[in-house]
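> The structure file data05.csv (CSV, C-alpha atoms) is provided below.
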chain,number,residue,atom,x,y,z
A,10,MET,CA,-24.0,-11.0,12.9
A,11,LYS,CA,-20.8,-10.9,10.9
A,12,LEU,CA,-18.9,-7.7,10.1
A,13,GLN,CA,-16.1,-7.8,7.7
A,14,ILE,CA,-13.7,-4.9,6.9
A,15,VAL,CA,-11.8,-5.1,3.7
A,16,CYS,CA,-8.9,-2.7,3.1
A,17,ALA,CA,-5.8,-2.3,1.1
A,18,GLY,CA,-2.4,-2.1,2.7
A,19,LYS,CA,-0.9,-3.3,6.0
A,20,VAL,CA,-1.0,-1.4,9.3
A,21,LYS,CA,2.7,-0.7,10.1
A,22,ASP,CA,2.5,1.4,13.2
A,23,THR,CA,2.5,-0.7,16.4
A,24,TRP,CA,0.3,1.7,18.2
A,25,LEU,CA,-2.4,1.6,15.5
A,26,ARG,CA,-2.3,-2.2,15.4
A,27,GLU,CA,-2.8,-2.3,19.2
A,28,ALA,CA,-5.7,0.2,19.0
A,29,ILE,CA,-7.5,-1.8,16.3
A,30,GLU,CA,-7.0,-5.0,18.3
A,31,GLU,CA,-8.5,-3.3,21.3
A,32,TYR,CA,-11.6,-2.3,19.4
A,33,THR,CA,-11.9,-5.7,17.7
A,34,LYS,CA,-11.9,-7.3,21.2
A,35,ARG,CA,-14.6,-4.8,22.4
A,36,LEU,CA,-16.7,-5.4,19.3
A,37,SER,CA,-16.6,-9.2,19.8
A,38,ARG,CA,-19.5,-8.8,22.3
A,39,PHE,CA,-21.7,-7.5,19.5
A,40,CYS,CA,-20.6,-9.2,16.3
A,41,SER,CA,-17.9,-11.3,14.8
A,42,LEU,CA,-15.5,-8.9,13.1
A,43,SER,CA,-12.8,-9.9,10.7
A,44,ILE,CA,-10.4,-7.5,9.0
A,45,ILE,CA,-9.0,-8.6,5.7
A,46,GLU,CA,-6.0,-6.8,4.1
A,47,VAL,CA,-5.3,-7.0,0.4
A,48,PRO,CA,-2.0,-5.8,-1.0
A,49,ASP,CA,-1.7,-2.2,-2.1
A,50,ALA,CA,-1.6,-1.8,-5.8
A,51,PRO,CA,2.0,-1.2,-7.0
A,52,ASP,CA,2.9,2.5,-7.4
A,53,HIS,CA,4.1,2.2,-10.9
A,54,LEU,CA,0.7,1.4,-12.3
A,55,PRO,CA,-1.5,4.1,-13.9
A,56,ARG,CA,-4.2,5.3,-11.6
A,57,GLU,CA,-7.1,3.5,-13.3
A,58,GLN,CA,-5.2,0.2,-13.5
A,59,ALA,CA,-4.2,0.5,-9.9
A,60,LEU,CA,-7.8,1.1,-8.8
A,61,LYS,CA,-9.0,-1.9,-10.8
A,62,LYS,CA,-6.3,-4.2,-9.4
A,63,GLU,CA,-7.0,-3.2,-5.8
A,64,GLY,CA,-10.7,-3.3,-6.4
A,65,ASP,CA,-10.7,-6.8,-7.9
A,66,ALA,CA,-8.6,-8.1,-5.0
A,67,MET,CA,-11.1,-6.6,-2.5
A,68,LEU,CA,-14.1,-7.9,-4.4
A,69,ALA,CA,-12.6,-11.4,-4.4
A,70,LYS,CA,-12.9,-11.4,-0.6
A,71,ILE,CA,-16.6,-10.9,-0.3
A,72,LYS,CA,-19.5,-13.4,-0.5
A,73,PRO,CA,-22.1,-12.7,-3.2
A,74,SER,CA,-24.7,-12.6,-0.4
A,75,SER,CA,-22.9,-10.0,1.6
A,76,LEU,CA,-24.1,-6.4,1.8
A,77,LEU,CA,-21.3,-4.0,0.7
A,78,TRP,CA,-20.7,-0.5,2.1
A,79,LEU,CA,-17.9,1.8,1.1
A,80,MET,CA,-16.2,4.3,3.3
A,81,ASP,CA,-15.6,6.9,0.7
A,82,LEU,CA,-15.3,10.7,0.2
A,83,SER,CA,-18.2,10.5,-2.2
A,84,GLY,CA,-20.5,9.0,0.4
A,85,VAL,CA,-23.2,10.3,2.6
A,86,THR,CA,-22.3,12.1,5.8
A,87,MET,CA,-24.1,11.2,9.0
A,88,ASP,CA,-23.7,11.6,12.7
A,89,SER,CA,-23.0,8.7,15.0
A,90,VAL,CA,-26.6,8.1,16.0
A,91,ARG,CA,-27.7,7.9,12.4
A,92,PHE,CA,-24.8,5.7,11.5
A,93,SER,CA,-25.8,3.4,14.4
A,94,GLU,CA,-29.4,3.1,13.1
A,95,THR,CA,-28.2,2.5,9.5
A,96,LEU,CA,-25.7,-0.2,10.6
A,97,ILE,CA,-28.3,-2.0,12.8
A,98,ARG,CA,-30.9,-1.9,10.0
A,99,ALA,CA,-28.4,-3.3,7.5
A,100,PHE,CA,-27.8,-6.2,9.8
A,101,ASP,CA,-31.5,-6.8,10.3
A,102,GLN,CA,-32.5,-6.5,6.7
A,103,GLY,CA,-29.3,-7.6,5.0
A,104,GLY,CA,-28.9,-11.0,6.4
A,105,ALA,CA,-25.9,-12.4,8.0
A,106,GLU,CA,-23.0,-10.4,6.7
A,107,LEU,CA,-22.0,-6.8,6.1
A,108,THR,CA,-18.7,-5.9,4.4
A,109,ILE,CA,-17.3,-2.4,4.7
A,110,MET,CA,-14.5,-1.5,2.4
A,111,ILE,CA,-12.0,1.3,3.0
A,112,GLY,CA,-10.8,3.0,-0.1
A,113,GLY,CA,-7.5,4.6,-0.9
A,114,SER,CA,-7.1,8.3,-1.6
A,115,ASN,CA,-8.0,7.7,-5.3
A,116,GLY,CA,-11.4,6.1,-4.4
A,117,PHE,CA,-12.7,2.9,-5.8
A,118,SER,CA,-12.8,1.1,-9.1
A,119,ARG,CA,-16.0,1.2,-11.2
A,120,GLU,CA,-16.6,-2.5,-10.4
A,121,VAL,CA,-16.5,-1.8,-6.7
A,122,LEU,CA,-18.8,1.2,-7.0
A,123,ASP,CA,-21.3,-0.9,-9.0
A,124,ARG,CA,-21.3,-3.6,-6.5
A,125,ALA,CA,-21.8,-1.3,-3.5
A,126,ASP,CA,-25.1,-1.0,-1.7
A,127,PHE,CA,-24.2,2.2,0.2
A,128,ARG,CA,-21.5,4.7,0.6
A,129,VAL,CA,-20.7,6.6,3.8
A,130,ARG,CA,-18.3,9.5,4.3
A,131,PHE,CA,-16.7,9.9,7.8
A,132,SER,CA,-15.0,13.3,7.1
A,133,ASP,CA,-14.3,15.7,4.3
A,134,MET,CA,-10.7,15.4,5.3
A,135,THR,CA,-8.2,13.0,3.9
A,136,MET,CA,-6.9,10.5,6.4
A,137,THR,CA,-4.2,7.9,6.3
A,138,HIS,CA,-6.0,4.6,5.5
A,139,THR,CA,-4.8,3.1,8.7
A,140,MET,CA,-6.4,6.0,10.7
A,141,ALA,CA,-9.6,5.5,8.7
A,142,ARG,CA,-9.5,1.9,9.9
A,143,LEU,CA,-9.3,3.0,13.5
A,144,PHE,CA,-12.1,5.6,13.0
A,145,LEU,CA,-14.3,2.9,11.4
A,146,VAL,CA,-13.9,0.2,14.2
A,147,GLU,CA,-14.4,2.9,16.8
A,148,GLN,CA,-17.7,4.1,15.2
A,149,CYS,CA,-18.9,0.5,14.7
A,150,TYR,CA,-18.3,-0.1,18.4
A,151,ARG,CA,-20.0,3.2,19.3
A,152,ALA,CA,-22.9,2.2,17.0
A,153,PHE,CA,-23.6,-1.0,18.9
A,154,LYS,CA,-23.4,0.8,22.2
A,155,ILE,CA,-25.8,3.4,21.0
A,156,ALA,CA,-28.2,0.7,19.7
A,157,ASN,CA,-28.0,-1.1,23.1
A,158,ASN,CA,-28.6,2.1,25.0
A,159,GLU,CA,-25.3,1.7,26.7
A,160,SER,CA,-23.4,4.7,27.9
A,161,TYR,CA,-20.1,5.4,26.2
A,162,HIS,CA,-17.4,7.7,27.0
A,163,LYS,CA,-17.2,10.6,24.5
B,30,MET,CA,5.3,29.5,14.8
B,31,LYS,CA,3.7,28.2,17.9
B,32,LEU,CA,0.8,25.8,18.0
B,33,GLN,CA,-1.0,25.1,21.2
B,34,ILE,CA,-3.7,22.5,21.7
B,35,VAL,CA,-5.8,22.8,24.8
B,36,CYS,CA,-8.1,20.0,25.8
B,37,ALA,CA,-9.9,18.6,28.8
B,38,GLY,CA,-9.1,15.2,30.2
B,39,LYS,CA,-6.1,12.9,30.2
B,40,VAL,CA,-5.2,10.4,27.5
B,41,LYS,CA,-5.3,7.0,29.2
B,42,ASP,CA,-4.6,4.6,26.4
B,43,THR,CA,-0.9,3.9,25.9
B,44,TRP,CA,-1.3,3.4,22.2
B,45,LEU,CA,-2.9,6.8,21.8
B,46,ARG,CA,-0.3,8.5,23.9
B,47,GLU,CA,2.4,7.0,21.6
B,48,ALA,CA,0.6,8.0,18.5
B,49,ILE,CA,0.2,11.6,19.7
B,50,GLU,CA,3.9,11.7,20.7
B,51,GLU,CA,4.8,10.4,17.2
B,52,TYR,CA,3.0,13.2,15.5
B,53,THR,CA,4.2,15.8,17.9
B,54,LYS,CA,7.8,14.7,17.0
B,55,ARG,CA,7.0,14.9,13.3
B,56,LEU,CA,5.4,18.4,13.7
B,57,SER,CA,8.5,19.8,15.4
B,58,ARG,CA,10.0,20.3,12.0
B,59,PHE,CA,7.3,22.8,11.2
B,60,CYS,CA,6.2,24.4,14.4
B,61,SER,CA,6.6,24.3,18.2
B,62,LEU,CA,3.6,22.3,19.5
B,63,SER,CA,2.5,22.1,23.0
B,64,ILE,CA,-0.5,20.1,24.3
B,65,ILE,CA,-2.1,21.4,27.5
B,66,GLU,CA,-4.6,19.2,29.4
B,67,VAL,CA,-7.0,20.7,31.8
B,68,PRO,CA,-9.0,18.5,34.2
B,69,ASP,CA,-12.4,17.2,33.1
B,70,ALA,CA,-15.3,18.9,34.9
B,71,PRO,CA,-16.7,16.6,37.6
B,72,ASP,CA,-19.6,14.5,36.5
B,73,HIS,CA,-21.9,15.7,39.3
B,74,LEU,CA,-22.1,19.3,38.1
B,75,PRO,CA,-25.1,20.4,36.0
B,76,ARG,CA,-24.2,20.7,32.3
B,77,GLU,CA,-23.9,24.5,32.1
B,78,GLN,CA,-21.8,24.7,35.2
B,79,ALA,CA,-19.5,21.9,34.0
B,80,LEU,CA,-19.1,23.7,30.6
B,81,LYS,CA,-18.3,26.9,32.4
B,82,LYS,CA,-15.8,25.3,34.7
B,83,GLU,CA,-14.0,23.5,31.9
B,84,GLY,CA,-14.1,26.5,29.6
B,85,ASP,CA,-12.6,28.9,32.2
B,86,ALA,CA,-9.8,26.4,32.9
B,87,MET,CA,-9.1,26.2,29.2
B,88,LEU,CA,-9.3,30.0,28.7
B,89,ALA,CA,-6.8,30.5,31.5
B,90,LYS,CA,-4.2,28.7,29.5
B,91,ILE,CA,-4.1,31.0,26.5
B,92,LYS,CA,-2.4,34.3,25.9
B,93,PRO,CA,-4.6,37.4,25.1
B,94,SER,CA,-2.6,37.7,21.8
B,95,SER,CA,-3.2,34.1,20.7
B,96,LEU,CA,-5.6,33.3,17.9
B,97,LEU,CA,-8.2,30.8,19.1
B,98,TRP,CA,-9.8,28.0,17.0
B,99,LEU,CA,-12.3,25.5,18.3
B,100,MET,CA,-12.7,21.9,17.0
B,101,ASP,CA,-16.4,21.7,17.4
B,102,LEU,CA,-19.5,20.0,15.9
B,103,SER,CA,-21.0,23.4,15.2
B,104,GLY,CA,-18.0,24.5,13.1
B,105,VAL,CA,-17.3,24.7,9.4
B,106,THR,CA,-16.4,21.5,7.5
B,107,MET,CA,-13.5,21.6,5.1
B,108,ASP,CA,-11.2,19.2,3.3
B,109,SER,CA,-7.5,18.8,4.1
B,110,VAL,CA,-6.2,21.2,1.5
B,111,ARG,CA,-8.6,24.0,2.7
B,112,PHE,CA,-7.6,23.2,6.3
B,113,SER,CA,-4.0,23.6,5.3
B,114,GLU,CA,-4.6,26.9,3.6
B,115,THR,CA,-6.6,28.2,6.5
B,116,LEU,CA,-4.0,27.1,9.1
B,117,ILE,CA,-1.1,28.6,7.2
B,118,ARG,CA,-3.0,31.9,6.7
B,119,ALA,CA,-3.8,32.0,10.4
B,120,PHE,CA,-0.1,31.7,11.2
B,121,ASP,CA,0.8,34.3,8.7
B,122,GLN,CA,-1.8,36.9,9.7
B,123,GLY,CA,-2.4,36.0,13.3
B,124,GLY,CA,1.1,36.4,14.6
B,125,ALA,CA,3.1,34.1,16.7
B,126,GLU,CA,0.6,31.7,18.2
B,127,LEU,CA,-2.5,29.7,17.4
B,128,THR,CA,-4.4,27.8,20.0
B,129,ILE,CA,-6.8,25.1,19.0
B,130,MET,CA,-9.3,23.8,21.7
B,131,ILE,CA,-11.0,20.4,21.6
B,132,GLY,CA,-14.4,20.5,23.1
B,133,GLY,CA,-16.2,17.7,25.0
B,134,SER,CA,-19.4,16.2,23.7
B,135,ASN,CA,-21.4,19.0,25.2
B,136,GLY,CA,-19.5,21.7,23.3
B,137,PHE,CA,-18.1,24.8,24.8
B,138,SER,CA,-19.1,27.4,27.3
B,139,ARG,CA,-20.5,30.8,26.1
B,140,GLU,CA,-17.2,32.5,27.2
B,141,VAL,CA,-15.1,30.2,25.0
B,142,LEU,CA,-17.5,30.6,22.0
B,143,ASP,CA,-17.2,34.4,22.4
B,144,ARG,CA,-13.5,34.3,22.6
B,145,ALA,CA,-13.1,32.1,19.5
B,146,ASP,CA,-11.9,33.4,16.1
B,147,PHE,CA,-12.9,30.4,14.1
B,148,ARG,CA,-14.6,27.0,14.5
B,149,VAL,CA,-13.8,23.9,12.5
B,150,ARG,CA,-15.7,20.6,12.3
B,151,PHE,CA,-13.7,17.5,11.4
B,152,SER,CA,-16.6,15.1,11.2
B,153,ASP,CA,-20.3,14.9,11.9
B,154,MET,CA,-19.6,11.9,14.0
B,155,THR,CA,-19.0,11.9,17.7
B,156,MET,CA,-15.4,10.9,18.6
B,157,THR,CA,-13.7,10.2,21.9
B,158,HIS,CA,-11.9,13.3,22.8
B,159,THR,CA,-8.6,11.4,22.7
B,160,MET,CA,-9.3,10.2,19.2
B,161,ALA,CA,-10.2,13.9,18.3
B,162,ARG,CA,-6.7,14.8,19.6
B,163,LEU,CA,-5.0,12.3,17.3
B,164,PHE,CA,-7.1,13.3,14.3
B,165,LEU,CA,-6.2,17.0,15.0
B,166,VAL,CA,-2.4,16.5,15.2
B,167,GLU,CA,-2.5,14.3,12.2
B,168,GLN,CA,-4.3,16.9,10.1
B,169,CYS,CA,-2.0,19.7,11.4
B,170,TYR,CA,1.0,17.6,10.2
B,171,ARG,CA,-0.7,16.9,6.9
B,172,ALA,CA,-1.5,20.7,6.6
B,173,PHE,CA,2.2,21.6,6.9
B,174,LYS,CA,3.2,18.9,4.4
B,175,ILE,CA,0.6,20.1,1.9
B,176,ALA,CA,1.7,23.7,2.4
B,177,ASN,CA,5.3,22.6,1.7
B,178,ASN,CA,4.3,20.6,-1.4
B,179,GLU,CA,5.7,17.5,0.3
B,180,SER,CA,4.2,14.2,-0.6
B,181,TYR,CA,2.5,12.4,2.2
B,182,HIS,CA,1.1,8.9,2.4
B,183,LYS,CA,-2.6,8.8,2.3
Give the structure from the file, written as structure tokens.


Amino acid sequence: MKLQIVCAGKVKDTWLREAIEEYTKRLSRFCSLSIIEVPDAPDHLPREQALKKEGDAMLAKIKPSSLLWLMDLSGVTMDSVRFSETLIRAFDQGGAELTIMIGGSNGFSREVLDRADFRVRFSDMTMTHTMARLFLVEQCYRAFKIANNESYHK
Amino acid sequence: MKLQIVCAGKVKDTWLREAIEEYTKRLSRFCSLSIIEVPDAPDHLPREQALKKEGDAMLAKIKPSSLLWLMDLSGVTMDSVRFSETLIRAFDQGGAELTIMIGGSNGFSREVLDRADFRVRFSDMTMTHTMARLFLVEQCYRAFKIANNESYHK
């Protein structure tokens, strides 16, 4: 099982980098996780162009055979158990690789939305994209623990 | 303006402690924030008793005049802008102090629910209570930035 997270922008805070590393280590029991960062689109670009540029850079990182999920405000909301079921089913049905993309506050380009197999919303609230990354790896770890009937501190 | 966060259990991860300290520092421009930890209820207690014990310990920490919000899965969902408006209004109308309590995975005791003025849900997903704490301080900081029309990295 391979899980790939693709996101724009670098994590600058040391604490957040450590946190994400910690969950990546824990997840290694269940799947091979790689996190791929593409550069943020430059601020001076108009919104649509920035989305397109960022989207194209993200799409270039995924295999044609990979399933693609988006973590996006326009997605479906679900609790952790349902997220776990959906994640495991995706791995079972979808073959060897699942890619999850984390969008910026402006969402995704048309090309990314067209390529996506599924969209999930973690919260109605706007988060920093680095916090979204932490939330995502934590929920993926939780998802595998739930699927394995392992207890997990809440 | 005083903001008080009351929660059960200690933050053990160093990275999370640093993160919360960082946001506490940033929030100090807008309000005086204190975070009060009460002990987790012992595991051996039946669920209802554990909730009651934890709830009573949390209620003991708040002033009769304080507004009380709960961060709870049974609460209302809202986006960051609406959360900001609601938070600022609470400060304006509610007087000098707002207390926000973070519940455990089993929710809150009847006594806490009866005392509460408002319940808010940040996500349908189950989070670690320490992650919930980080999410909360980040959204409070964001709320003040939004209310002050200050730009904030998303």

> One decimal, Å: what's the distance from atom CA of Leu12 of chain A over to atom CA of Phe153 of chain A, could you say?

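Taking atom CA of Leu12 of chain A as the start and atom CA of Phe153 of chain A as the end point, the length is 12.0 Å.
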
> Name the residues in contact with segment 58-69 of chain B at a cut-off of 6 Å, using only C-alpha atoms, excluding same-chain residues fewer than 5 positions from it; report them as a list in words.

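That gives Met30, Lys31, Leu32, Gln33, Ile34, Val35, Cys36, Ala37 and Gly38 of chain B.
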
> Those residues you just picked out, can you put them in a file as a tab-separated table (two decimals), keeping the file's coordinate frame with C-alpha atoms?


chain	number	residue	atom	x	y	z
B	30	MET	CA	5.30	29.50	14.80
B	31	LYS	CA	3.70	28.20	17.90
B	32	LEU	CA	0.80	25.80	18.00
B	33	GLN	CA	-1.00	25.10	21.20
B	34	ILE	CA	-3.70	22.50	21.70
B	35	VAL	CA	-5.80	22.80	24.80
B	36	CYS	CA	-8.10	20.00	25.80
B	37	ALA	CA	-9.90	18.60	28.80
B	38	GLY	CA	-9.10	15.20	30.20

> At a cut-off of 8 Å, can you tabulate as a tab-separated table every residue of chain B near chain A together with its closest atom pair and the distance in Å to one decimal, using all atoms listed in the file and ordering rows by chain then number?


residue	atom	partner	partner_atom	distance
B:Trp44	CA	A:Trp24	CA	4.6
B:Leu45	CA	A:Trp24	CA	7.0
B:Glu47	CA	A:Trp24	CA	6.6
B:Ala48	CA	A:Trp24	CA	6.3
B:Thr106	CA	A:Asp133	CA	6.9
B:Met107	CA	A:Asp133	CA	6.0
B:Asp108	CA	A:Met134	CA	4.3
B:Ser109	CA	A:Met134	CA	4.8
B:Gly133	CA	A:Lys163	CA	7.2
B:Ser134	CA	A:Lys163	CA	6.1
B:Phe151	CA	A:Ser132	CA	6.1
B:Ser152	CA	A:Ser132	CA	4.8
B:Asp153	CA	A:Asp88	CA	4.8
B:Met154	CA	A:Asp88	CA	4.3
B:Thr155	CA	A:Ser89	CA	5.8
B:Met156	CA	A:Lys163	CA	6.2
B:Thr157	CA	A:Lys163	CA	4.4
B:His158	CA	A:Lys163	CA	6.2
B:Gln168	CA	A:Met136	CA	7.8
B:His182	CA	A:Thr137	CA	6.7
B:Lys183	CA	A:Thr137	CA	4.4

> Give me the least-squares superposed chain A (reference chain B; all C-alpha atoms paired in order) as a CSV table (one decimal) with C-alpha atoms, in the frame of the given file.


chain,number,residue,atom,x,y,z
A,10,MET,CA,5.3,29.5,14.8
A,11,LYS,CA,3.7,28.2,17.9
A,12,LEU,CA,0.8,25.8,18.0
A,13,GLN,CA,-0.9,25.1,21.2
A,14,ILE,CA,-3.7,22.4,21.7
A,15,VAL,CA,-5.8,22.8,24.7
A,16,CYS,CA,-8.1,20.0,25.8
A,17,ALA,CA,-9.9,18.6,28.7
A,18,GLY,CA,-9.1,15.2,30.2
A,19,LYS,CA,-6.0,12.9,30.2
A,20,VAL,CA,-5.1,10.4,27.4
A,21,LYS,CA,-5.3,7.0,29.2
A,22,ASP,CA,-4.6,4.6,26.4
A,23,THR,CA,-0.9,3.9,25.9
A,24,TRP,CA,-1.3,3.4,22.2
A,25,LEU,CA,-3.0,6.8,21.8
A,26,ARG,CA,-0.3,8.5,23.9
A,27,GLU,CA,2.4,7.0,21.7
A,28,ALA,CA,0.6,8.0,18.5
A,29,ILE,CA,0.3,11.6,19.6
A,30,GLU,CA,3.9,11.7,20.6
A,31,GLU,CA,4.8,10.4,17.2
A,32,TYR,CA,2.9,13.2,15.5
A,33,THR,CA,4.2,15.9,17.9
A,34,LYS,CA,7.8,14.8,17.0
A,35,ARG,CA,6.9,15.0,13.2
A,36,LEU,CA,5.3,18.4,13.7
A,37,SER,CA,8.4,19.7,15.5
A,38,ARG,CA,10.0,20.4,12.0
A,39,PHE,CA,7.2,22.8,11.2
A,40,CYS,CA,6.2,24.5,14.5
A,41,SER,CA,6.6,24.2,18.2
A,42,LEU,CA,3.6,22.3,19.4
A,43,SER,CA,2.5,22.1,23.0
A,44,ILE,CA,-0.5,20.1,24.3
A,45,ILE,CA,-2.0,21.3,27.5
A,46,GLU,CA,-4.6,19.2,29.4
A,47,VAL,CA,-7.0,20.7,31.9
A,48,PRO,CA,-9.0,18.5,34.2
A,49,ASP,CA,-12.4,17.2,33.1
A,50,ALA,CA,-15.2,18.9,34.8
A,51,PRO,CA,-16.6,16.7,37.6
A,52,ASP,CA,-19.6,14.6,36.5
A,53,HIS,CA,-21.9,15.7,39.3
A,54,LEU,CA,-22.1,19.2,38.0
A,55,PRO,CA,-25.1,20.4,35.9
A,56,ARG,CA,-24.2,20.6,32.3
A,57,GLU,CA,-24.0,24.4,32.1
A,58,GLN,CA,-21.8,24.6,35.2
A,59,ALA,CA,-19.6,21.9,33.9
A,60,LEU,CA,-19.1,23.7,30.6
A,61,LYS,CA,-18.2,26.9,32.3
A,62,LYS,CA,-15.7,25.3,34.7
A,63,GLU,CA,-13.9,23.5,31.8
A,64,GLY,CA,-14.1,26.5,29.7
A,65,ASP,CA,-12.6,28.9,32.2
A,66,ALA,CA,-9.8,26.4,32.9
A,67,MET,CA,-9.0,26.2,29.1
A,68,LEU,CA,-9.3,30.0,28.7
A,69,ALA,CA,-6.8,30.5,31.6
A,70,LYS,CA,-4.2,28.7,29.4
A,71,ILE,CA,-4.2,31.0,26.5
A,72,LYS,CA,-2.4,34.3,25.9
A,73,PRO,CA,-4.6,37.3,25.1
A,74,SER,CA,-2.6,37.7,21.8
A,75,SER,CA,-3.2,34.2,20.7
A,76,LEU,CA,-5.6,33.3,17.9
A,77,LEU,CA,-8.3,30.8,19.1
A,78,TRP,CA,-9.9,28.0,17.0
A,79,LEU,CA,-12.3,25.5,18.3
A,80,MET,CA,-12.7,22.0,17.0
A,81,ASP,CA,-16.4,21.7,17.4
A,82,LEU,CA,-19.5,20.1,15.9
A,83,SER,CA,-20.9,23.5,15.2
A,84,GLY,CA,-17.9,24.5,13.1
A,85,VAL,CA,-17.2,24.7,9.4
A,86,THR,CA,-16.4,21.6,7.5
A,87,MET,CA,-13.4,21.6,5.1
A,88,ASP,CA,-11.2,19.2,3.3
A,89,SER,CA,-7.5,18.8,4.1
A,90,VAL,CA,-6.3,21.1,1.5
A,91,ARG,CA,-8.5,23.9,2.6
A,92,PHE,CA,-7.7,23.3,6.2
A,93,SER,CA,-4.0,23.5,5.3
A,94,GLU,CA,-4.5,26.9,3.6
A,95,THR,CA,-6.6,28.2,6.6
A,96,LEU,CA,-4.0,27.1,9.1
A,97,ILE,CA,-1.1,28.6,7.2
A,98,ARG,CA,-3.0,31.9,6.7
A,99,ALA,CA,-3.8,32.0,10.5
A,100,PHE,CA,-0.1,31.7,11.2
A,101,ASP,CA,0.8,34.4,8.7
A,102,GLN,CA,-1.8,36.9,9.7
A,103,GLY,CA,-2.3,35.9,13.3
A,104,GLY,CA,1.1,36.5,14.7
A,105,ALA,CA,3.0,34.1,16.7
A,106,GLU,CA,0.6,31.8,18.3
A,107,LEU,CA,-2.5,29.7,17.4
A,108,THR,CA,-4.5,27.8,20.1
A,109,ILE,CA,-6.8,25.1,19.0
A,110,MET,CA,-9.2,23.8,21.7
A,111,ILE,CA,-10.9,20.4,21.6
A,112,GLY,CA,-14.4,20.4,23.1
A,113,GLY,CA,-16.2,17.7,25.0
A,114,SER,CA,-19.4,16.1,23.7
A,115,ASN,CA,-21.5,19.0,25.2
A,116,GLY,CA,-19.5,21.7,23.3
A,117,PHE,CA,-18.1,24.8,24.7
A,118,SER,CA,-19.1,27.4,27.3
A,119,ARG,CA,-20.5,30.8,26.1
A,120,GLU,CA,-17.2,32.5,27.2
A,121,VAL,CA,-15.2,30.2,25.0
A,122,LEU,CA,-17.4,30.6,22.0
A,123,ASP,CA,-17.2,34.4,22.4
A,124,ARG,CA,-13.5,34.3,22.6
A,125,ALA,CA,-13.1,32.1,19.5
A,126,ASP,CA,-11.9,33.4,16.2
A,127,PHE,CA,-13.0,30.3,14.2
A,128,ARG,CA,-14.6,27.0,14.5
A,129,VAL,CA,-13.8,23.9,12.5
A,130,ARG,CA,-15.7,20.6,12.4
A,131,PHE,CA,-13.7,17.5,11.5
A,132,SER,CA,-16.7,15.1,11.2
A,133,ASP,CA,-20.4,14.9,11.9
A,134,MET,CA,-19.6,11.9,14.0
A,135,THR,CA,-19.0,11.9,17.7
A,136,MET,CA,-15.5,10.8,18.6
A,137,THR,CA,-13.8,10.1,21.9
A,138,HIS,CA,-11.9,13.3,22.8
A,139,THR,CA,-8.6,11.4,22.8
A,140,MET,CA,-9.3,10.3,19.2
A,141,ALA,CA,-10.2,13.8,18.2
A,142,ARG,CA,-6.7,14.8,19.6
A,143,LEU,CA,-5.1,12.2,17.3
A,144,PHE,CA,-7.2,13.4,14.3
A,145,LEU,CA,-6.2,17.0,15.0
A,146,VAL,CA,-2.3,16.5,15.2
A,147,GLU,CA,-2.5,14.3,12.2
A,148,GLN,CA,-4.3,16.9,10.1
A,149,CYS,CA,-2.0,19.7,11.4
A,150,TYR,CA,1.0,17.6,10.3
A,151,ARG,CA,-0.7,16.9,6.9
A,152,ALA,CA,-1.5,20.6,6.6
A,153,PHE,CA,2.2,21.6,6.8
A,154,LYS,CA,3.1,18.9,4.4
A,155,ILE,CA,0.5,20.1,2.0
A,156,ALA,CA,1.7,23.7,2.4
A,157,ASN,CA,5.3,22.6,1.7
A,158,ASN,CA,4.4,20.6,-1.3
A,159,GLU,CA,5.7,17.5,0.3
A,160,SER,CA,4.2,14.2,-0.5
A,161,TYR,CA,2.4,12.3,2.2
A,162,HIS,CA,1.2,8.9,2.5
A,163,LYS,CA,-2.6,8.8,2.4

> Nearest residue to Trp78 of chain A out of A:Arg56, A:Arg98, A:Lys62, A:Arg128, using all atoms listed in the file?

A:Arg128

> For the atom pair atom CA of Ala99 of chain A and atom CA of Glu159 of chain A, what is the interatomic distance in Å to one decimal place?

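Atom CA of Ala99 of chain A sits 20.1 Å away from atom CA of Glu159 of chain A.
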
> Please measure the separation of atom CA of Ser75 of chain A and atom CA of Ala156 of chain A, giving the value in Å to one decimal.

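According to the coordinates, atom CA of Ser75 of chain A and atom CA of Ala156 of chain A are separated by 21.7 Å.
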
> List as a list in words the protein and nucleic acid residues near Arg119 of chain A, meaning an atom at most 10 Å away when all atoms listed in the file are counted, but skip any in the same chain fewer than 4 places from it.

Glu57, Leu60, Lys61, Gly64, Asp123, Arg124 and Ala125 of chain A

> Near Ser94 of chain B, counting all atoms listed in the file, which residues have an atom at most 10 Å away, once you skip same-chain residues fewer than 4 positions from it, shown as a short mmCIF file (atom, residue, chain, number, x, y, z; two decimals) with C-alpha atoms, in the coordinates of the input?


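Full text of result38.cif as output:
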data_model
loop_
_atom_site.label_atom_id
_atom_site.label_comp_id
_atom_site.auth_asym_id
_atom_site.auth_seq_id
_atom_site.Cartn_x
_atom_site.Cartn_y
_atom_site.Cartn_z
CA GLY B 123 -2.40 36.00 13.30
CA GLY B 124 1.10 36.40 14.60
CA ALA B 125 3.10 34.10 16.70
CA GLU B 126 0.60 31.70 18.20
CA LEU B 127 -2.50 29.70 17.40
#

> Dump segment 105-116 of chain B with C-alpha atoms to a file, as a PDB file, in the first residue's frame.


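Below you can see part28.pdb, which holds the result:
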ATOM      1  CA  VAL B 105     -22.981  23.614  15.739  1.00  0.00           C
ATOM      2  CA  THR B 106     -20.620  23.617  12.778  1.00  0.00           C
ATOM      3  CA  MET B 107     -19.439  26.938  11.390  1.00  0.00           C
ATOM      4  CA  ASP B 108     -16.784  28.387   9.161  1.00  0.00           C
ATOM      5  CA  SER B 109     -13.949  30.557  10.459  1.00  0.00           C
ATOM      6  CA  VAL B 110     -15.644  33.856   9.640  1.00  0.00           C
ATOM      7  CA  ARG B 111     -18.804  32.896  11.489  1.00  0.00           C
ATOM      8  CA  PHE B 112     -16.740  31.579  14.394  1.00  0.00           C
ATOM      9  CA  SER B 113     -14.962  34.923  14.515  1.00  0.00           C
ATOM     10  CA  GLU B 114     -18.237  36.871  14.582  1.00  0.00           C
ATOM     11  CA  THR B 115     -19.661  34.618  17.268  1.00  0.00           C
ATOM     12  CA  LEU B 116     -16.542  34.862  19.410  1.00  0.00           C
TER      13      LEU B 116
END
